[in-house]
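Reproduced below: target_38.txt, with compact mmCIF, C-alpha atoms.
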# COMPACT_ATOMS: atom_id res chain seq x y z
CA MET A 1 12.90 -110.51 -167.45
CA ALA A 2 15.54 -109.39 -165.00
CA SER A 3 13.71 -106.11 -164.43
CA GLU A 4 10.47 -108.01 -163.66
CA ASN A 5 12.22 -110.10 -160.98
CA ILE A 6 13.66 -106.97 -159.36
CA PHE A 7 10.20 -105.37 -159.43
CA LEU A 8 8.58 -108.45 -157.80
CA LYS A 9 11.28 -108.58 -155.12
CA ASN A 10 10.78 -104.88 -154.37
CA LEU A 11 7.00 -105.35 -154.28
CA LYS A 12 7.32 -108.19 -151.77
CA THR A 13 9.68 -106.11 -149.67
CA MET A 14 7.30 -103.14 -149.83
CA LYS A 15 4.40 -105.32 -148.65
CA GLY A 16 6.45 -106.28 -145.63
CA ARG A 17 7.37 -102.67 -145.01
CA TRP A 18 3.73 -101.55 -145.34
CA ALA A 19 2.61 -104.21 -142.88
CA LEU A 20 5.30 -103.09 -140.44
CA PHE A 21 4.32 -99.45 -140.99
CA ILE A 22 0.63 -100.20 -140.33
CA ILE A 23 1.46 -102.15 -137.17
CA LEU A 24 3.64 -99.25 -135.98
CA ILE A 25 0.83 -96.73 -136.62
CA LEU A 26 -1.71 -98.92 -134.78
CA GLY A 27 0.67 -99.28 -131.83
CA ILE A 28 1.12 -95.52 -131.60
CA ALA A 29 -2.65 -95.00 -131.86
CA PHE A 30 -3.27 -97.45 -129.01
CA LEU A 31 -0.68 -95.68 -126.86
CA VAL A 32 -2.26 -92.30 -127.53
CA LEU A 33 -5.80 -93.57 -126.92
CA GLY A 34 -4.72 -95.26 -123.70
CA ARG A 35 -3.07 -92.18 -122.26
CA SER A 36 -4.83 -90.32 -119.44
CA ASP A 37 -3.61 -86.73 -119.39
CA SER A 38 -6.05 -85.72 -116.67
CA ASN A 39 -4.66 -87.94 -113.93
CA GLU A 40 -0.96 -88.77 -113.95
CA THR A 41 0.05 -90.92 -110.99
CA VAL A 42 3.15 -92.31 -109.32
CA VAL A 43 2.37 -95.65 -110.94
CA THR A 44 2.52 -95.46 -114.71
CA GLU A 45 -0.05 -96.92 -117.04
CA SER A 46 2.58 -99.29 -118.35
CA ASP A 47 2.48 -101.06 -115.00
CA TYR A 48 0.03 -103.96 -115.09
CA PHE A 49 -2.44 -104.53 -112.31
CA ALA A 50 -4.98 -107.32 -112.26
CA SER A 51 -7.45 -105.14 -110.38
CA ALA A 52 -8.19 -101.65 -109.14
CA GLU A 53 -7.56 -102.95 -105.61
CA GLN A 54 -3.97 -103.90 -106.48
CA TYR A 55 -3.56 -100.51 -108.13
CA ARG A 56 -4.84 -98.72 -105.00
CA ILE A 57 -2.47 -100.69 -102.75
CA ALA A 58 0.50 -99.90 -105.02
CA LEU A 59 -0.42 -96.19 -104.98
CA GLU A 60 -0.61 -96.21 -101.18
CA ASP A 61 2.81 -97.86 -100.96
CA LYS A 62 4.37 -95.35 -103.37
CA ILE A 63 2.81 -92.38 -101.56
CA ARG A 64 3.96 -93.76 -98.17
CA GLU A 65 7.49 -94.10 -99.54
CA LEU A 66 7.37 -90.58 -101.00
CA CYS A 67 6.08 -88.98 -97.80
CA SER A 68 8.60 -90.84 -95.65
CA SER A 69 11.41 -89.21 -97.62
CA ILE A 70 10.17 -85.68 -96.79
CA ASP A 71 12.04 -83.92 -94.00
CA GLY A 72 10.00 -83.79 -90.78
CA VAL A 73 7.72 -86.72 -91.65
CA GLY A 74 7.77 -89.85 -89.52
CA ASN A 75 5.58 -93.00 -89.46
CA VAL A 76 3.17 -92.55 -92.35
CA TYR A 77 -0.27 -94.12 -92.86
CA VAL A 78 -1.91 -93.61 -96.26
CA THR A 79 -5.37 -94.35 -97.62
CA VAL A 80 -6.27 -93.74 -101.27
CA THR A 81 -9.85 -93.60 -102.51
CA LEU A 82 -10.42 -94.31 -106.20
CA GLU A 83 -13.20 -93.11 -108.50
CA GLY A 84 -14.92 -96.27 -109.78
CA GLY A 85 -13.13 -99.31 -111.18
CA GLU A 86 -10.79 -100.08 -114.01
CA GLU A 87 -11.86 -99.66 -117.64
CA CYS A 88 -10.92 -102.36 -120.15
CA VAL A 89 -10.75 -101.54 -123.87
CA TYR A 90 -10.86 -104.36 -126.40
CA ALA A 91 -10.48 -104.74 -130.17
CA LYS A 92 -12.65 -107.23 -131.98
CA ASN A 93 -13.21 -108.25 -135.57
CA ASP A 94 -16.51 -106.88 -136.85
CA GLY A 95 -16.87 -109.73 -139.34
CA SER A 96 -15.80 -107.74 -142.40
CA GLY A 97 -12.10 -108.02 -141.66
CA SER A 98 -11.95 -104.71 -139.79
CA PHE A 99 -11.26 -104.26 -136.12
CA VAL A 100 -13.43 -102.10 -133.90
CA ILE A 101 -12.92 -100.85 -130.39
CA SER A 102 -15.22 -102.49 -127.85
CA SER A 103 -15.74 -102.28 -124.12
CA GLY A 104 -17.05 -105.81 -123.69
CA GLU A 105 -15.12 -108.52 -125.47
CA GLY A 106 -12.24 -109.23 -127.83
CA LEU A 107 -8.49 -108.75 -127.61
CA LEU A 108 -7.57 -106.64 -124.56
CA LEU A 109 -5.77 -103.52 -125.79
CA TYR A 110 -5.29 -101.81 -122.45
CA LYS A 111 -6.66 -101.31 -118.97
CA ARG A 112 -7.17 -97.80 -117.67
CA MET A 113 -7.04 -97.66 -113.92
CA PRO A 114 -9.51 -95.42 -112.08
CA THR A 115 -8.66 -91.86 -111.13
CA VAL A 116 -7.74 -90.88 -107.60
CA ARG A 117 -10.70 -89.39 -105.72
CA GLY A 118 -8.80 -88.49 -102.56
CA VAL A 119 -5.81 -89.23 -100.33
CA ALA A 120 -5.74 -89.31 -96.53
CA ILE A 121 -2.36 -89.20 -94.79
CA VAL A 122 -1.71 -89.51 -91.06
CA CYS A 123 1.90 -88.94 -90.08
CA GLU A 124 4.25 -87.78 -87.40
CA GLY A 125 4.94 -84.13 -88.17
CA GLY A 126 1.47 -83.69 -89.66
CA GLU A 127 0.76 -80.87 -87.21
CA ARG A 128 3.48 -78.66 -88.72
CA ASP A 129 2.41 -76.31 -91.51
CA ASP A 130 5.69 -76.69 -93.45
CA VAL A 131 5.40 -80.49 -93.39
CA ARG A 132 1.73 -80.38 -94.40
CA LEU A 133 2.57 -78.08 -97.33
CA SER A 134 5.46 -80.27 -98.50
CA VAL A 135 3.39 -83.47 -98.26
CA ALA A 136 0.38 -81.88 -99.99
CA ASP A 137 2.54 -80.52 -102.83
CA ALA A 138 4.27 -83.86 -103.39
CA VAL A 139 1.09 -85.94 -103.30
CA SER A 140 -0.81 -83.44 -105.44
CA THR A 141 1.92 -83.52 -108.05
CA VAL A 142 2.26 -87.29 -108.34
CA CYS A 143 -1.44 -88.15 -108.05
CA GLY A 144 -2.80 -85.33 -110.18
CA VAL A 145 -5.35 -84.23 -107.57
CA GLY A 146 -5.84 -80.83 -106.01
CA ALA A 147 -4.77 -80.07 -102.45
CA ASN A 148 -8.47 -79.97 -101.54
CA LYS A 149 -8.57 -83.75 -102.11
CA ILE A 150 -5.65 -84.45 -99.78
CA SER A 151 -6.10 -84.69 -96.03
CA ILE A 152 -3.03 -84.59 -93.79
CA SER A 153 -3.34 -85.19 -90.06
CA LYS A 154 -1.04 -85.52 -87.09
CA LYS A 155 -0.42 -89.05 -85.87
CA SER A 156 -1.61 -89.44 -82.28
CA GLY A 157 0.65 -90.67 -79.53
The structure given in the file should be rewritten as structure tokens.
Amino acid sequence: MASENIFLKNLKTMKGRWALFIILILGIAFLVLGRSDSNETVVTESDYFASAEQYRIALEDKIRELCSSIDGVGNVYVTVTLEGGEECVYAKNDGSGSFVISSGEGLLLYKRMPTVRGVAIVCEGGERDDVRLSVADAVSTVCGVGANKISISKKSG
């Protein structure tokens, strides 16, 4: 009898451990599926934005702050153009007790913000080749776009 009680206690504990293990595996899978290796940005995917517009504004602010810290750059104006809108990924019960990934309805798993199409920067010092190179390298690195998608111009006046 005593061995049966120990077995039942261990079984109950194992069920709890299996449930925790399954939840952990699902969490890791959602993180991996939600990752965008092709377009890393200054703002991480863990940051929550209600809309692509808020995301764009946050990117512009971060890029402005980054460029302002580069030697030779003064008063910076930044415009970011995004490719499309945000993508929402949901999980929903398919009726048989299983969950399926959906793009229309259910429990929101994650929001993937749109990729950066291009960046335009107007700044004091934008006429200097060394400043343009430094700004282009920094913005290219943090936004994951090529230098051909970054425009840097001299601020007039």
For each of A:Ser96, A:Ser134, A:Ser151, A:Thr141, take the minimum atom-to-atom distance to Cys67 in chain A, counting all atoms listed in the file, then give the residue where this is smallest.
A:Ser134
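Here the question is which of A:Val135, A:Val145, A:Ile101, A:Val116 gets nearest to Thr79 in chain A using only C-alpha atoms, and that residue is A:Val116.
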Given only C-alpha atoms as the counted atoms, nearest of A:Val119, A:Val131, A:Leu59, A:Val100 to Ala147 in chain A
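Distance minimum relative to Ala147 in chain A lands on A:Val119.
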Min atom-atom distance to Arg64 in chain A from the set A:Leu133, A:Val78, A:Ala52, A:Cys123, counting all atoms listed in the file, belongs to A:Val78
Name the closest residue to Leu26 in chain A among the candidates A:Ala91, A:Gly97, A:Glu60, A:Tyr55; distances are taken between atoms, counting all atoms listed in the file.
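Among the listed residues, A:Ala91 lies closest to Leu26 in chain A.
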Check the smallest atom-to-atom distance from each of A:Gly126, A:Gly104, A:Gly72, A:Ile150 to Ala138 in chain A using only C-alpha atoms, then report the winner.
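Ranking A:Gly126, A:Gly104, A:Gly72, A:Ile150 by distance to Ala138 in chain A, first place goes to A:Ile150.
You will find CA of Glu86 in chain A at 10.9 Å from CA of Arg56 in chain A.
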Calculate how many Å separate CA of Gly74 in chain A from CA of Lys154 in chain A, rounding to one decimal.
10.1 Å
